[in-house]
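Trainee: Below: one structure in structure tokens.
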Amino acid sequence: MTASYEPWDETRGAEIIAEHANQEGATLVILHALQQALGYVPEAAIPMVAQALNLSRAEVHGVFTFYHDFRHKPAGRHVLKLCRAEACQAAGGDALAARAEAKLGVSLGNTTADERVTLEPIYCLGLCATAPSAMLDDRLIGRLDQKRLDALIVEAQR
Ligand code: FES
């Protein structure tokens with residue numbers, strides 16, 4: 001299943017920000033809401049968030065860059081996340097990540113040139129007991145091995 005996102009425009013961005021501006025921990029809540037709606041957090045939204053929350057741009061930018069989950073650019077049609085946390089690394093995650101990078105021709109955190117697949121690291125999917133783990137769009141996958149990874153990559157490239 002491909003995620004469908006709204007296109008960025010300032011009016012929609014302002015609406016999303018206003019919806020969440022009064023919540024506790026509003027910076028994170030707003031950044032998550034923007035990414036959920038748009039698929040990424042546009043650079044242009046950072047000063048808007050700062051203004052709405054009476055923070056400096058640097059403060060909002062600091063939160064934005066601290067968390068690996070926030071995307072700076074729109075994602076590809078499919079997002080393949082490979083767990084890079086400890087249990088998955090110990091179960092062979094490094095080799096699988098290298099294999100995915102080689103097969104897709106992109107490093108973790110990037111999108112293929114045809115914009116079909118974004119390959120991202122994630123830090124624990126809660127499936128440590130069946131490590132190594134991955135996620136293709138909204139689907140969780142445990143017990144990943146080379147064969148299953150190759151099949152996921154083929155699926156993601158469709
Ligand atoms: S460390 Fe990979 S799922 Fe927990």
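Every chain in the structure tokens takes a letter, A first, then B, and so on in the order presented; its residues are numbered from 1, and the ligands are numbered from 1 following the presented order.
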Please provide as an MDAnalysis selection string all residues within 8 Å of Ala91 in chain A, with the sequence filter that same-chain residues fewer than 3 positions apart are discarded (counting only C-alpha atoms).
Mentor: chainID A and resid 87:88 131:132
Trainee: For chain A against ligand 1, with a cut-off of 7 Å and counting only C-alpha atoms and all ligand atoms, what is the closest atom pair and its distance in Å to one decimal for every residue that makes the cut, ordered by chain and number, as a tab-separated table?
Mentor:
```
residue	atom	partner	partner_atom_place_in_ligand_line	distance
A:Cys83	CA	ligand 1	2 (Fe)	4.7
A:Arg84	CA	ligand 1	2 (Fe)	6.3
A:Ala85	CA	ligand 1	1 (S)	4.2
A:Glu86	CA	ligand 1	1 (S)	5.0
A:Ala87	CA	ligand 1	1 (S)	4.1
A:Cys88	CA	ligand 1	2 (Fe)	4.2
A:Tyr123	CA	ligand 1	1 (S)	6.5
A:Cys124	CA	ligand 1	4 (Fe)	3.7
A:Leu125	CA	ligand 1	3 (S)	4.1
A:Gly126	CA	ligand 1	3 (S)	4.6
A:Leu127	CA	ligand 1	3 (S)	3.9
A:Cys128	CA	ligand 1	4 (Fe)	3.7
A:Ala131	CA	ligand 1	2 (Fe)	5.7
A:Pro132	CA	ligand 1	2 (Fe)	5.8
A:Ser133	CA	ligand 1	3 (S)	5.3
```
Trainee: Which of these residues is nearest to Glu120 in chain A, using only C-alpha atoms: A:His68, A:Arg99, A:Arg139, A:Arg57?
Mentor: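 Closest residue, counting only C-alpha atoms: A:His68.
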Trainee: For the atom pair CA of Ala45 in chain A and CA of Glu24 in chain A, what is the interatomic distance in Å to one decimal place?
Mentor: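 Separating CA of Ala45 in chain A from CA of Glu24 in chain A is a distance of 19.2 Å.
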Trainee: Quick one: residues within 12 Å of range 49-52 of chain A, only C-alpha atoms, excluding same-chain residues fewer than 5 positions away - as a PyMOL selection string?
Mentor: chain A and resi 10+13-22+26-34+41-44+57-64
Trainee: Filtering to N, CA, C and O atoms, could you give me those residues as a short mmCIF file (atom, residue, chain, number, x, y, z; two decimals), in the first residue's frame?
Mentor:
```
data_model
loop_
_atom_site.label_atom_id
_atom_site.label_comp_id
_atom_site.auth_asym_id
_atom_site.auth_seq_id
_atom_site.Cartn_x
_atom_site.Cartn_y
_atom_site.Cartn_z
N GLU A 10 1.34 26.83 2.22
CA GLU A 10 1.48 27.56 3.48
C GLU A 10 0.19 27.59 4.29
O GLU A 10 0.21 27.48 5.52
N GLY A 13 -0.26 24.33 5.96
CA GLY A 13 0.75 24.24 7.02
C GLY A 13 0.30 25.03 8.25
O GLY A 13 0.38 24.54 9.38
N ALA A 14 -0.22 26.23 8.02
CA ALA A 14 -0.66 27.08 9.13
C ALA A 14 -1.83 26.43 9.87
O ALA A 14 -1.93 26.50 11.10
N GLU A 15 -2.71 25.76 9.12
CA GLU A 15 -3.85 25.06 9.76
C GLU A 15 -3.35 23.95 10.68
O GLU A 15 -3.81 23.82 11.82
N ILE A 16 -2.42 23.15 10.16
CA ILE A 16 -1.91 22.02 10.96
C ILE A 16 -1.22 22.56 12.22
O ILE A 16 -1.42 22.03 13.32
N ILE A 17 -0.46 23.61 12.07
CA ILE A 17 0.25 24.18 13.21
C ILE A 17 -0.76 24.70 14.24
O ILE A 17 -0.64 24.42 15.44
N ALA A 18 -1.77 25.42 13.77
CA ALA A 18 -2.77 26.00 14.69
C ALA A 18 -3.54 24.91 15.44
O ALA A 18 -3.87 25.07 16.61
N GLU A 19 -3.80 23.80 14.75
CA GLU A 19 -4.55 22.69 15.38
C GLU A 19 -3.86 22.15 16.63
O GLU A 19 -4.48 21.63 17.53
N HIS A 20 -2.52 22.22 16.65
CA HIS A 20 -1.77 21.57 17.72
C HIS A 20 -0.97 22.53 18.60
O HIS A 20 -0.30 22.08 19.53
N ALA A 21 -1.06 23.82 18.31
CA ALA A 21 -0.17 24.78 18.97
C ALA A 21 -0.38 24.87 20.49
O ALA A 21 0.55 25.25 21.21
N ASN A 22 -1.57 24.51 20.96
CA ASN A 22 -1.82 24.63 22.40
C ASN A 22 -1.58 23.34 23.18
O ASN A 22 -1.82 23.28 24.38
N ALA A 26 4.22 20.89 22.14
CA ALA A 26 3.66 21.23 20.82
C ALA A 26 4.67 21.10 19.68
O ALA A 26 4.28 20.74 18.57
N THR A 27 5.93 21.38 19.93
CA THR A 27 6.89 21.33 18.82
C THR A 27 6.90 19.94 18.18
O THR A 27 6.73 19.81 16.96
N LEU A 28 7.07 18.93 19.01
CA LEU A 28 7.11 17.56 18.49
C LEU A 28 5.77 17.16 17.88
O LEU A 28 5.73 16.54 16.83
N VAL A 29 4.70 17.52 18.55
CA VAL A 29 3.37 17.16 18.07
C VAL A 29 3.14 17.76 16.68
O VAL A 29 2.66 17.08 15.76
N ILE A 30 3.51 19.01 16.51
CA ILE A 30 3.30 19.68 15.22
C ILE A 30 4.18 19.07 14.14
O ILE A 30 3.73 18.81 13.02
N LEU A 31 5.44 18.81 14.46
CA LEU A 31 6.34 18.22 13.45
C LEU A 31 5.81 16.86 13.01
O LEU A 31 5.81 16.54 11.82
N HIS A 32 5.32 16.07 13.97
CA HIS A 32 4.74 14.77 13.62
C HIS A 32 3.49 14.96 12.75
O HIS A 32 3.29 14.23 11.77
N ALA A 33 2.65 15.92 13.11
CA ALA A 33 1.41 16.14 12.35
C ALA A 33 1.73 16.59 10.93
O ALA A 33 1.08 16.16 9.96
N LEU A 34 2.73 17.44 10.78
CA LEU A 34 3.13 17.88 9.44
C LEU A 34 3.61 16.70 8.62
O LEU A 34 3.24 16.52 7.46
N VAL A 41 8.68 17.11 6.56
CA VAL A 41 8.52 18.43 7.18
C VAL A 41 9.24 19.46 6.30
O VAL A 41 10.47 19.49 6.24
N PRO A 42 8.48 20.24 5.57
CA PRO A 42 9.12 21.23 4.69
C PRO A 42 9.94 22.24 5.48
O PRO A 42 9.51 22.68 6.55
N GLU A 43 11.07 22.61 4.93
CA GLU A 43 11.94 23.61 5.56
C GLU A 43 11.16 24.90 5.86
O GLU A 43 11.35 25.53 6.88
N ALA A 44 10.25 25.24 4.96
CA ALA A 44 9.48 26.48 5.11
C ALA A 44 8.56 26.45 6.32
O ALA A 44 8.11 27.51 6.79
N ARG A 57 13.88 29.96 15.62
CA ARG A 57 13.98 28.97 14.54
C ARG A 57 14.98 27.88 14.92
O ARG A 57 14.80 26.72 14.59
N ALA A 58 16.06 28.30 15.58
CA ALA A 58 17.10 27.34 15.96
C ALA A 58 16.55 26.28 16.91
O ALA A 58 16.91 25.11 16.82
N GLU A 59 15.67 26.71 17.81
CA GLU A 59 15.09 25.73 18.75
C GLU A 59 14.25 24.70 18.01
O GLU A 59 14.36 23.50 18.26
N VAL A 60 13.42 25.15 17.09
CA VAL A 60 12.57 24.22 16.35
C VAL A 60 13.44 23.35 15.44
O VAL A 60 13.25 22.14 15.34
N HIS A 61 14.41 23.98 14.80
CA HIS A 61 15.30 23.23 13.92
C HIS A 61 16.07 22.18 14.70
O HIS A 61 16.29 21.06 14.22
N GLY A 62 16.43 22.51 15.93
CA GLY A 62 17.14 21.56 16.78
C GLY A 62 16.31 20.32 17.06
O GLY A 62 16.81 19.19 16.99
N VAL A 63 15.04 20.51 17.33
CA VAL A 63 14.14 19.37 17.58
C VAL A 63 14.00 18.57 16.28
O VAL A 63 14.09 17.34 16.27
N PHE A 64 13.81 19.28 15.19
CA PHE A 64 13.62 18.65 13.88
C PHE A 64 14.81 17.76 13.51
O PHE A 64 14.64 16.64 13.03
#
```
Trainee: Using only C-alpha atoms, which residue out of A:Gln146, A:Gln157, A:Gln36, A:Gln89 lies closest to Thr112 in chain A?
Mentor: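 Ranked by minimum distance to Thr112 in chain A, first place goes to A:Gln157.
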Trainee: In Å, rounded to a single decimal, give me how far CA of Ala156 in chain A is from CA of Gly93 in chain A.
Mentor: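 Rounded to one decimal, the two atoms are 18.8 Å apart.
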Trainee: Give me every strand (DSSP E or B) residue in range 57-127 of chain A, going by DSSP on the backbone, as a list of chain:residue names.
Mentor: A:His78, A:Val79, A:Leu80, A:Lys81, A:Leu82, A:Cys83, A:Asn110, A:Thr111, A:Val117, A:Thr118, A:Leu119, A:Glu120, A:Pro121, A:Ile122
Trainee: How far is it from CA of Asp150 in chain A to CA of Leu38 in chain A, in Å with one decimal?
Mentor: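 Atom-to-atom, CA of Asp150 in chain A and CA of Leu38 in chain A are spaced 28.6 Å apart.
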